[in-house]
Amino acid sequence: MKYVIKFNYGKKRETEMTKKILFVFILFNLLYADTNAQPYKVKSLKEQSALRNEWLKIRLDKVLPAVMKREGIDMWVIMNREYNEDPVYLTLVPQPSFSARRLSVLIFYLNPKGEFEKIIIAKRRSDDIYKNAWPDDIKDQWQAIAKVIEGRNPAKIGLNYSNEFVFGDGLTWYLKEMLMKNLNDNLKERIVSAEKVAVGWLETRIPEEMALYPEIVSIAHSIIAEAFSSKVIIPGTTTNEDVEWWMREKISSYGMDAWFQPTVDIVRPSGSPFKNTPVIQKGDMLHCDMGLVYLGFSTDTQQLAYVLKEGETGAPEGLKKGLQEGNRLQDILLEEMKAGLSGNQILKSSLEKAKAEGLNPSIYTHPLGFHGHGAGPLIGLWDSQGGVPGRGDYLLFPFNCHSIELNVKTAVPEWNNELITFALEQDAFFDGMKCKFIDKRQEEFYLIR
């Protein structure tokens, strides 16, 4: 049964009443709208898998052959077992894939004619990417692997073992022993480390991925913006741990993952009456570090907020100066990032330039991509400002992302000239010519009232 309410106030009065009702309705929605509503549409799991598989096909055809040719390796063999996956394995197989199965083997071969083969050796496994090359007349999987390799007679066989790069060190001792047991002596002599193939595969981004990476980074920024607001923080009541868990829950509510527990640090002068209390107070500076994973890619962001005191409309000038100096250090580092230079060379020139300008810098920038602490050159570590042997010697190649992580120490007059650390982290993309921020960087404090 339907109930119809009819108003009969006369035409003019009905019009006025309608306007009032509409105004109240709009005001109600503005005041009581769901604060958890997403400002963007997160793709369904099915949509994400389809998109990632499109990217995988492009990457396997364009990125991997080029990296193998660059490193002089014509065959790359990846072997792993269930729940002990090689770090590169899940980036090489179609979605949805959650683990290896039994002994899972991928072989990539670039022949002298430039033809590229993508091979899998497994029972009952087929897809539109990999060719299953397990011969019908061979029952033993190790013998099948050996026959596939011998039949192609590669000049160099790349395996994932490395002293420097964890991403190139996924081959277990047992699996290598079994392969060596089944290969003939001539092929054994051709085995080399494929560490730089693994790193090159992981670090290189394609245009299709970069078209959506800004959206992923902007999601991270929007979560921080809400966390550092009066919607979440009530001075004198909310603790830093409360905000950390709010951020973690927010990421989860979007169907995404955090690749580390978010952190929120309270920074206040040593003479503060609140000392080390974890309760956020007016006059505190807040620092956060947060990283999420969406569409297979990671973000890593550090930003700053200030909790206004009564009568204040902005952060103290000394704090603003610290943020500005942090921004200047970001600019210097981006200017020094040039293709063909090593991470250690970039670190050295950036620190020298920053110190010449009177800054008190520390740089510990890392690659970003499939992993938060990703594959590629390290540009310093917080405890290695003189360079990082091995990983810092790796060269900067085009088309990769980096988390521009650093800090400056600045004396703050309003805080008795105490030396305060201003730590920032902003994701950037190096296109081969310039390194640019993927989404806008922070240049002003978030203000909490």
# chains A, B, ... in the order shown; residues from 1 in each chain; ligands from 1
call {"tool": "select_by_dssp", "arguments": {"residues": "region 337-444 of chain A", "states": "alpha helix (DSSP H)", "output": "list of chain:residue names"}}
result
A:Gly343, A:Asn344, A:Gln345, A:Ile346, A:Leu347, A:Lys348, A:Ser349, A:Ser350, A:Leu351, A:Glu352, A:Lys353, A:Ala354, A:Lys355, A:Ala356
call {"tool": "residues_around", "arguments": {"residues": "region 441-444 of chain A", "least_positions_apart": "6", "cutoff": "8 Å", "atoms": "only C-alpha atoms", "output": "VMD selection string"}}
result
chain A and resid 303 320 323 to 324 327 426
call {"tool": "residues_around", "arguments": {"residues": "Gln330 (chain A)", "least_positions_apart": "5", "cutoff": "10 Å", "atoms": "only C-alpha atoms", "output": "list in words"}}
result
Gln324, Glu325, Glu335, Ser350, Ala354, Ile363, Ile404, Glu405, Leu406, Asn407, Leu424, Glu425, Gln426, Phe437 and Arg441 of chain A
call {"tool": "write_last_selection", "arguments": {"atoms": "N, CA, C and O atoms", "output": "mmCIF file, in the first residue's frame"}}
result
data_model
loop_
_atom_site.group_PDB
_atom_site.id
_atom_site.type_symbol
_atom_site.label_atom_id
_atom_site.label_comp_id
_atom_site.auth_asym_id
_atom_site.auth_seq_id
_atom_site.Cartn_x
_atom_site.Cartn_y
_atom_site.Cartn_z
ATOM 1 N N GLN A 324 60.255 24.418 4.372
ATOM 2 C CA GLN A 324 60.783 24.999 3.141
ATOM 3 C C GLN A 324 62.179 24.471 2.823
ATOM 4 O O GLN A 324 62.502 24.192 1.656
ATOM 5 N N GLU A 325 62.994 24.306 3.840
ATOM 6 C CA GLU A 325 64.334 23.764 3.618
ATOM 7 C C GLU A 325 64.264 22.300 3.176
ATOM 8 O O GLU A 325 65.058 21.856 2.347
ATOM 9 N N GLU A 335 67.208 17.399 -9.049
ATOM 10 C CA GLU A 335 68.084 17.992 -10.073
ATOM 11 C C GLU A 335 69.322 17.136 -10.324
ATOM 12 O O GLU A 335 69.849 17.098 -11.447
ATOM 13 N N SER A 350 74.439 15.621 -4.327
ATOM 14 C CA SER A 350 73.282 16.265 -3.690
ATOM 15 C C SER A 350 73.640 16.812 -2.313
ATOM 16 O O SER A 350 73.278 17.947 -1.965
ATOM 17 N N ALA A 354 73.675 20.754 -1.210
ATOM 18 C CA ALA A 354 72.812 21.181 -0.108
ATOM 19 C C ALA A 354 73.622 21.863 0.990
ATOM 20 O O ALA A 354 73.224 22.914 1.522
ATOM 21 N N ILE A 363 70.041 12.207 3.364
ATOM 22 C CA ILE A 363 69.286 11.633 2.246
ATOM 23 C C ILE A 363 69.330 10.111 2.332
ATOM 24 O O ILE A 363 70.395 9.518 2.503
ATOM 25 N N ILE A 404 61.406 9.723 -2.633
ATOM 26 C CA ILE A 404 62.373 10.766 -2.288
ATOM 27 C C ILE A 404 62.296 10.997 -0.784
ATOM 28 O O ILE A 404 61.517 11.815 -0.287
ATOM 29 N N GLU A 405 63.107 10.235 -0.066
ATOM 30 C CA GLU A 405 63.058 10.218 1.403
ATOM 31 C C GLU A 405 64.309 10.916 1.947
ATOM 32 O O GLU A 405 65.437 10.556 1.581
ATOM 33 N N LEU A 406 64.090 11.882 2.837
ATOM 34 C CA LEU A 406 65.206 12.698 3.318
ATOM 35 C C LEU A 406 64.772 13.518 4.524
ATOM 36 O O LEU A 406 63.594 13.510 4.901
ATOM 37 N N ASN A 407 65.726 14.239 5.113
ATOM 38 C CA ASN A 407 65.359 15.200 6.159
ATOM 39 C C ASN A 407 66.380 16.313 6.235
ATOM 40 O O ASN A 407 67.513 16.182 5.750
ATOM 41 N N LEU A 424 60.722 14.312 5.326
ATOM 42 C CA LEU A 424 59.733 14.295 4.250
ATOM 43 C C LEU A 424 59.975 13.103 3.344
ATOM 44 O O LEU A 424 61.104 12.622 3.216
ATOM 45 N N GLU A 425 58.902 12.652 2.721
ATOM 46 C CA GLU A 425 59.023 11.559 1.750
ATOM 47 C C GLU A 425 57.925 11.724 0.711
ATOM 48 O O GLU A 425 56.756 11.847 1.051
ATOM 49 N N GLN A 426 58.335 11.741 -0.544
ATOM 50 C CA GLN A 426 57.404 11.994 -1.637
ATOM 51 C C GLN A 426 57.784 11.124 -2.837
ATOM 52 O O GLN A 426 58.952 11.069 -3.222
ATOM 53 N N PHE A 437 57.754 14.676 -9.306
ATOM 54 C CA PHE A 437 56.840 14.089 -8.335
ATOM 55 C C PHE A 437 55.626 13.510 -9.049
ATOM 56 O O PHE A 437 55.088 14.114 -9.983
ATOM 57 N N ARG A 441 53.577 17.567 -4.103
ATOM 58 C CA ARG A 441 54.269 17.380 -2.832
ATOM 59 C C ARG A 441 53.685 18.310 -1.772
ATOM 60 O O ARG A 441 52.939 19.251 -2.067
#
call {"tool": "closest_atom_pairs", "arguments": {"of": "region 301-380 of chain A", "to": "region 161-185 of chain A", "cutoff": "10 Å", "atoms": "only C-alpha atoms", "output": "JSON lines"}}
result
{"residue": "A:His371", "atom": "CA", "partner": "A:Phe167", "partner_atom": "CA", "distance": 9.9}
{"residue": "A:Gly374", "atom": "CA", "partner": "A:Phe167", "partner_atom": "CA", "distance": 8.6}
{"residue": "A:Ala375", "atom": "CA", "partner": "A:Phe167", "partner_atom": "CA", "distance": 6.8}
{"residue": "A:Gly376", "atom": "CA", "partner": "A:Phe165", "partner_atom": "CA", "distance": 8.9}
call {"tool": "residues_around", "arguments": {"residues": "region 100-110 of chain A", "least_positions_apart": "3", "cutoff": "10 Å", "atoms": "only C-alpha atoms", "output": "PyMOL selection string"}}
result
chain A and resi 60+64-66+68-69+73-86+89-90+92-93+97+113-123+130-133+141-142+145+148-149+152-154+157-158+175
call {"tool": "write_last_selection", "arguments": {"atoms": "N, CA and C atoms", "output": "compact mmCIF listing (two decimals), in the first residue's frame"}}
result
# COMPACT_ATOMS: atom_id res chain seq x y z
N LEU A 60 56.15 -8.08 -20.53
CA LEU A 60 56.91 -9.25 -20.98
C LEU A 60 57.38 -9.09 -22.42
N LEU A 64 61.10 -6.95 -20.58
CA LEU A 64 62.02 -8.04 -20.25
C LEU A 64 63.04 -8.33 -21.35
N PRO A 65 62.65 -8.45 -22.63
CA PRO A 65 63.67 -8.70 -23.65
C PRO A 65 64.74 -7.61 -23.69
N ALA A 66 64.32 -6.35 -23.50
CA ALA A 66 65.27 -5.24 -23.53
C ALA A 66 66.24 -5.32 -22.36
N MET A 68 67.12 -8.08 -20.67
CA MET A 68 68.00 -9.23 -20.88
C MET A 68 69.08 -8.91 -21.91
N LYS A 69 68.70 -8.22 -22.97
CA LYS A 69 69.69 -7.84 -23.99
C LYS A 69 70.71 -6.88 -23.40
N ILE A 73 72.28 -11.47 -21.18
CA ILE A 73 71.82 -12.80 -20.76
C ILE A 73 70.68 -13.22 -21.69
N ASP A 74 70.88 -14.34 -22.38
CA ASP A 74 69.87 -14.76 -23.35
C ASP A 74 68.87 -15.76 -22.79
N MET A 75 69.13 -16.33 -21.61
CA MET A 75 68.15 -17.20 -20.96
C MET A 75 68.10 -16.89 -19.47
N TRP A 76 66.87 -16.70 -18.99
CA TRP A 76 66.64 -16.43 -17.56
C TRP A 76 65.73 -17.52 -17.03
N VAL A 77 66.19 -18.21 -15.99
CA VAL A 77 65.45 -19.32 -15.41
C VAL A 77 65.05 -18.97 -13.98
N ILE A 78 63.74 -19.03 -13.70
CA ILE A 78 63.22 -18.77 -12.35
C ILE A 78 62.59 -20.06 -11.84
N MET A 79 63.06 -20.51 -10.68
CA MET A 79 62.53 -21.74 -10.08
C MET A 79 62.18 -21.46 -8.62
N ASN A 80 61.01 -21.89 -8.20
CA ASN A 80 60.63 -21.73 -6.80
C ASN A 80 59.54 -22.73 -6.44
N ARG A 81 59.31 -22.83 -5.15
CA ARG A 81 58.28 -23.76 -4.68
C ARG A 81 57.25 -23.02 -3.83
N GLU A 82 56.12 -23.68 -3.64
CA GLU A 82 54.98 -23.09 -2.95
C GLU A 82 55.36 -22.56 -1.57
N TYR A 83 54.99 -21.28 -1.33
CA TYR A 83 55.23 -20.57 -0.07
C TYR A 83 56.70 -20.25 0.18
N ASN A 84 57.53 -20.46 -0.82
CA ASN A 84 58.92 -20.01 -0.73
C ASN A 84 59.27 -19.37 -2.07
N GLU A 85 58.43 -18.39 -2.46
CA GLU A 85 58.53 -17.84 -3.80
C GLU A 85 59.74 -16.92 -3.98
N ASP A 86 60.29 -16.97 -5.17
CA ASP A 86 61.30 -16.01 -5.59
C ASP A 86 60.66 -14.61 -5.56
N TYR A 89 58.79 -13.77 -8.76
CA TYR A 89 57.88 -14.74 -9.37
C TYR A 89 56.46 -14.20 -9.55
N LEU A 90 55.87 -13.66 -8.48
CA LEU A 90 54.47 -13.22 -8.56
C LEU A 90 54.29 -12.00 -9.46
N LEU A 92 55.60 -11.99 -12.40
CA LEU A 92 55.77 -12.56 -13.73
C LEU A 92 54.61 -13.46 -14.16
N VAL A 93 53.70 -13.76 -13.24
CA VAL A 93 52.60 -14.69 -13.56
C VAL A 93 51.27 -13.95 -13.54
N SER A 97 47.07 -14.90 -8.90
CA SER A 97 48.05 -15.89 -8.44
C SER A 97 48.47 -15.51 -7.03
N LYS A 113 68.11 -14.41 -33.20
CA LYS A 113 67.31 -13.67 -34.17
C LYS A 113 66.45 -12.58 -33.50
N GLY A 114 66.49 -12.53 -32.18
CA GLY A 114 65.69 -11.55 -31.45
C GLY A 114 64.31 -12.05 -31.09
N GLU A 115 64.03 -13.33 -31.39
CA GLU A 115 62.73 -13.91 -31.03
C GLU A 115 62.72 -14.27 -29.54
N PHE A 116 61.60 -13.99 -28.90
CA PHE A 116 61.53 -14.12 -27.44
C PHE A 116 60.51 -15.20 -27.06
N GLU A 117 60.96 -16.16 -26.26
CA GLU A 117 60.08 -17.25 -25.80
C GLU A 117 59.77 -17.09 -24.33
N LYS A 118 58.51 -17.33 -23.97
CA LYS A 118 58.06 -17.31 -22.58
C LYS A 118 57.55 -18.71 -22.27
N ILE A 119 58.28 -19.42 -21.43
CA ILE A 119 58.06 -20.85 -21.24
C ILE A 119 57.72 -21.16 -19.78
N ILE A 120 56.81 -22.08 -19.60
CA ILE A 120 56.53 -22.61 -18.28
C ILE A 120 56.67 -24.12 -18.34
N ILE A 121 57.20 -24.70 -17.27
CA ILE A 121 57.33 -26.17 -17.20
C ILE A 121 56.57 -26.63 -15.98
N ALA A 122 55.36 -27.09 -16.21
CA ALA A 122 54.48 -27.47 -15.11
C ALA A 122 53.43 -28.45 -15.60
N LYS A 123 52.89 -29.21 -14.69
CA LYS A 123 51.79 -30.11 -15.00
C LYS A 123 50.47 -29.31 -15.02
N TYR A 130 52.10 -17.95 -21.37
CA TYR A 130 53.22 -18.89 -21.35
C TYR A 130 52.93 -20.15 -22.16
N LYS A 131 53.97 -20.65 -22.79
CA LYS A 131 53.93 -21.91 -23.51
C LYS A 131 54.44 -23.01 -22.58
N ASN A 132 53.63 -24.05 -22.38
CA ASN A 132 54.06 -25.17 -21.55
C ASN A 132 54.95 -26.10 -22.38
N ALA A 133 56.21 -26.17 -22.00
CA ALA A 133 57.19 -26.89 -22.81
C ALA A 133 57.63 -28.21 -22.19
N GLN A 141 60.41 -33.87 -13.82
CA GLN A 141 60.39 -32.44 -14.12
C GLN A 141 61.80 -31.87 -14.31
N TRP A 142 62.75 -32.34 -13.52
CA TRP A 142 64.12 -31.83 -13.65
C TRP A 142 64.72 -32.21 -15.01
N ILE A 145 63.23 -29.85 -17.52
CA ILE A 145 63.88 -28.54 -17.46
C ILE A 145 65.20 -28.57 -18.22
N VAL A 148 64.72 -28.68 -22.03
CA VAL A 148 64.32 -27.40 -22.61
C VAL A 148 65.53 -26.47 -22.73
N ILE A 149 66.37 -26.45 -21.70
CA ILE A 149 67.56 -25.59 -21.73
C ILE A 149 68.55 -26.08 -22.79
N ARG A 152 67.82 -25.34 -26.48
CA ARG A 152 67.98 -23.96 -26.96
C ARG A 152 69.43 -23.50 -26.92
N ASN A 153 70.28 -24.22 -26.22
CA ASN A 153 71.72 -23.99 -26.21
C ASN A 153 72.08 -22.53 -25.96
N PRO A 154 71.64 -21.95 -24.82
CA PRO A 154 71.90 -20.53 -24.56
C PRO A 154 73.38 -20.26 -24.29
N ILE A 157 73.19 -18.51 -19.05
CA ILE A 157 71.99 -18.91 -18.32
C ILE A 157 71.94 -18.12 -17.01
N GLY A 158 70.99 -17.23 -16.89
CA GLY A 158 70.88 -16.40 -15.71
C GLY A 158 70.05 -17.06 -14.63
N LEU A 175 67.35 -26.02 -4.95
CA LEU A 175 66.93 -25.97 -6.34
C LEU A 175 68.12 -25.79 -7.27
call {"tool": "closest_residue", "arguments": {"among": "A:Ser49, A:Asn417, A:Thr410, A:Gln302", "to": "Ala225 (chain A)", "atoms": "only C-alpha atoms"}}
result
A:Gln302
call {"tool": "atom_distance", "arguments": {"atom1": "CA of Ala194 (chain A)", "atom2": "CA of Leu159 (chain A)"}}
result
5.1 Å
call {"tool": "atom_distance", "arguments": {"atom1": "CA of Glu249 (chain A)", "atom2": "CA of Ser230 (chain A)"}}
result
17.4 Å
call {"tool": "residues_around", "arguments": {"residues": "Asn240 (chain A)", "least_positions_apart": "2", "cutoff": "10 Å", "atoms": "only C-alpha atoms", "output": "list of chain:residue names"}}
result
A:Ile233, A:Thr238, A:Asp242, A:Val243, A:Glu244, A:Trp245, A:Trp246, A:Thr263, A:Val264, A:Asp265, A:Ile266, A:Thr277, A:Pro278, A:Val279, A:Ile280, A:Leu286, A:His287, A:Cys288
call {"tool": "write_last_selection", "arguments": {"atoms": "N, CA, C and O atoms", "output": "mmCIF file, in the first residue's frame"}}
result
data_model
loop_
_atom_site.group_PDB
_atom_site.id
_atom_site.type_symbol
_atom_site.label_atom_id
_atom_site.label_comp_id
_atom_site.auth_asym_id
_atom_site.auth_seq_id
_atom_site.Cartn_x
_atom_site.Cartn_y
_atom_site.Cartn_z
ATOM 1 N N ILE A 233 41.582 13.898 14.757
ATOM 2 C CA ILE A 233 42.391 14.306 15.909
ATOM 3 C C ILE A 233 41.662 15.343 16.763
ATOM 4 O O ILE A 233 41.253 16.401 16.270
ATOM 5 N N THR A 238 43.211 12.578 21.589
ATOM 6 C CA THR A 238 43.684 11.582 20.625
ATOM 7 C C THR A 238 45.178 11.305 20.811
ATOM 8 O O THR A 238 45.969 12.240 20.982
ATOM 9 N N ASP A 242 46.341 6.168 18.175
ATOM 10 C CA ASP A 242 44.971 6.213 17.650
ATOM 11 C C ASP A 242 44.984 6.567 16.158
ATOM 12 O O ASP A 242 44.255 5.976 15.355
ATOM 13 N N VAL A 243 45.794 7.549 15.805
ATOM 14 C CA VAL A 243 45.865 7.988 14.410
ATOM 15 C C VAL A 243 46.508 6.917 13.538
ATOM 16 O O VAL A 243 46.075 6.681 12.399
ATOM 17 N N GLU A 244 47.521 6.246 14.059
ATOM 18 C CA GLU A 244 48.174 5.162 13.308
ATOM 19 C C GLU A 244 47.168 4.077 12.933
ATOM 20 O O GLU A 244 47.100 3.643 11.776
ATOM 21 N N TRP A 245 46.374 3.663 13.911
ATOM 22 C CA TRP A 245 45.405 2.597 13.639
ATOM 23 C C TRP A 245 44.253 3.088 12.774
ATOM 24 O O TRP A 245 43.692 2.326 11.989
ATOM 25 N N TRP A 246 43.902 4.372 12.889
ATOM 26 C CA TRP A 246 42.882 4.923 11.999
ATOM 27 C C TRP A 246 43.360 4.831 10.554
ATOM 28 O O TRP A 246 42.590 4.439 9.664
ATOM 29 N N THR A 263 53.048 5.034 10.946
ATOM 30 C CA THR A 263 53.553 5.627 12.185
ATOM 31 C C THR A 263 53.216 7.110 12.222
ATOM 32 O O THR A 263 53.204 7.788 11.195
ATOM 33 N N VAL A 264 52.924 7.599 13.418
ATOM 34 C CA VAL A 264 52.699 9.017 13.659
ATOM 35 C C VAL A 264 53.556 9.418 14.854
ATOM 36 O O VAL A 264 53.430 8.839 15.936
ATOM 37 N N ASP A 265 54.442 10.389 14.636
ATOM 38 C CA ASP A 265 55.349 10.849 15.688
ATOM 39 C C ASP A 265 54.944 12.244 16.139
ATOM 40 O O ASP A 265 54.578 13.097 15.319
ATOM 41 N N ILE A 266 55.023 12.466 17.443
ATOM 42 C CA ILE A 266 54.756 13.778 18.012
ATOM 43 C C ILE A 266 56.089 14.481 18.237
ATOM 44 O O ILE A 266 56.988 13.938 18.882
ATOM 45 N N THR A 277 54.288 12.570 26.641
ATOM 46 C CA THR A 277 52.949 11.972 26.612
ATOM 47 C C THR A 277 52.540 11.653 25.174
ATOM 48 O O THR A 277 52.794 12.463 24.264
ATOM 49 N N PRO A 278 51.917 10.508 24.938
ATOM 50 C CA PRO A 278 51.486 10.155 23.584
ATOM 51 C C PRO A 278 50.206 10.853 23.143
ATOM 52 O O PRO A 278 49.760 10.665 22.012
ATOM 53 N N VAL A 279 49.609 11.653 24.020
ATOM 54 C CA VAL A 279 48.391 12.392 23.676
ATOM 55 C C VAL A 279 48.775 13.631 22.884
ATOM 56 O O VAL A 279 49.649 14.406 23.292
ATOM 57 N N ILE A 280 48.150 13.826 21.743
ATOM 58 C CA ILE A 280 48.432 14.972 20.880
ATOM 59 C C ILE A 280 47.898 16.244 21.533
ATOM 60 O O ILE A 280 46.737 16.292 21.961
ATOM 61 N N LEU A 286 53.317 17.172 14.071
ATOM 62 C CA LEU A 286 53.106 15.741 13.845
ATOM 63 C C LEU A 286 53.789 15.313 12.561
ATOM 64 O O LEU A 286 53.802 16.047 11.567
ATOM 65 N N HIS A 287 54.358 14.136 12.607
ATOM 66 C CA HIS A 287 55.022 13.550 11.429
ATOM 67 C C HIS A 287 54.467 12.153 11.216
ATOM 68 O O HIS A 287 54.310 11.382 12.165
ATOM 69 N N CYS A 288 54.116 11.827 9.968
ATOM 70 C CA CYS A 288 53.596 10.483 9.687
ATOM 71 C C CYS A 288 54.433 9.818 8.597
ATOM 72 O O CYS A 288 55.088 10.480 7.791
#
call {"tool": "residues_around", "arguments": {"residues": "Lys338 (chain A)", "least_positions_apart": "3", "cutoff": "9 Å", "atoms": "only C-alpha atoms", "output": "list in words"}}
result
Leu334, Glu335, Leu341, Ser342, Ile346, Leu396, Phe397, Pro398, Phe430, Gly432, Met433, Lys434 and Cys435 of chain A
call {"tool": "closest_residue", "arguments": {"among": "A:Asp136, A:Glu241, A:Glu357, A:Glu226", "to": "Leu329 (chain A)", "atoms": "only C-alpha atoms"}}
result
A:Glu357
call {"tool": "residues_around", "arguments": {"residues": "Leu347 (chain A)", "least_positions_apart": "6", "cutoff": "8 Å", "atoms": "only C-alpha atoms", "output": "PyMOL selection string"}}
result
chain A and resi 333+363+379-380+385+387
call {"tool": "atom_distance", "arguments": {"atom1": "CA of Asp427 (chain A)", "atom2": "CA of Asp331 (chain A)"}}
result
12.9 Å
call {"tool": "closest_residue", "arguments": {"among": "A:Gly72, A:Val67, A:Gly236, A:Leu447", "to": "Thr313 (chain A)", "atoms": "only C-alpha atoms"}}
result
A:Leu447
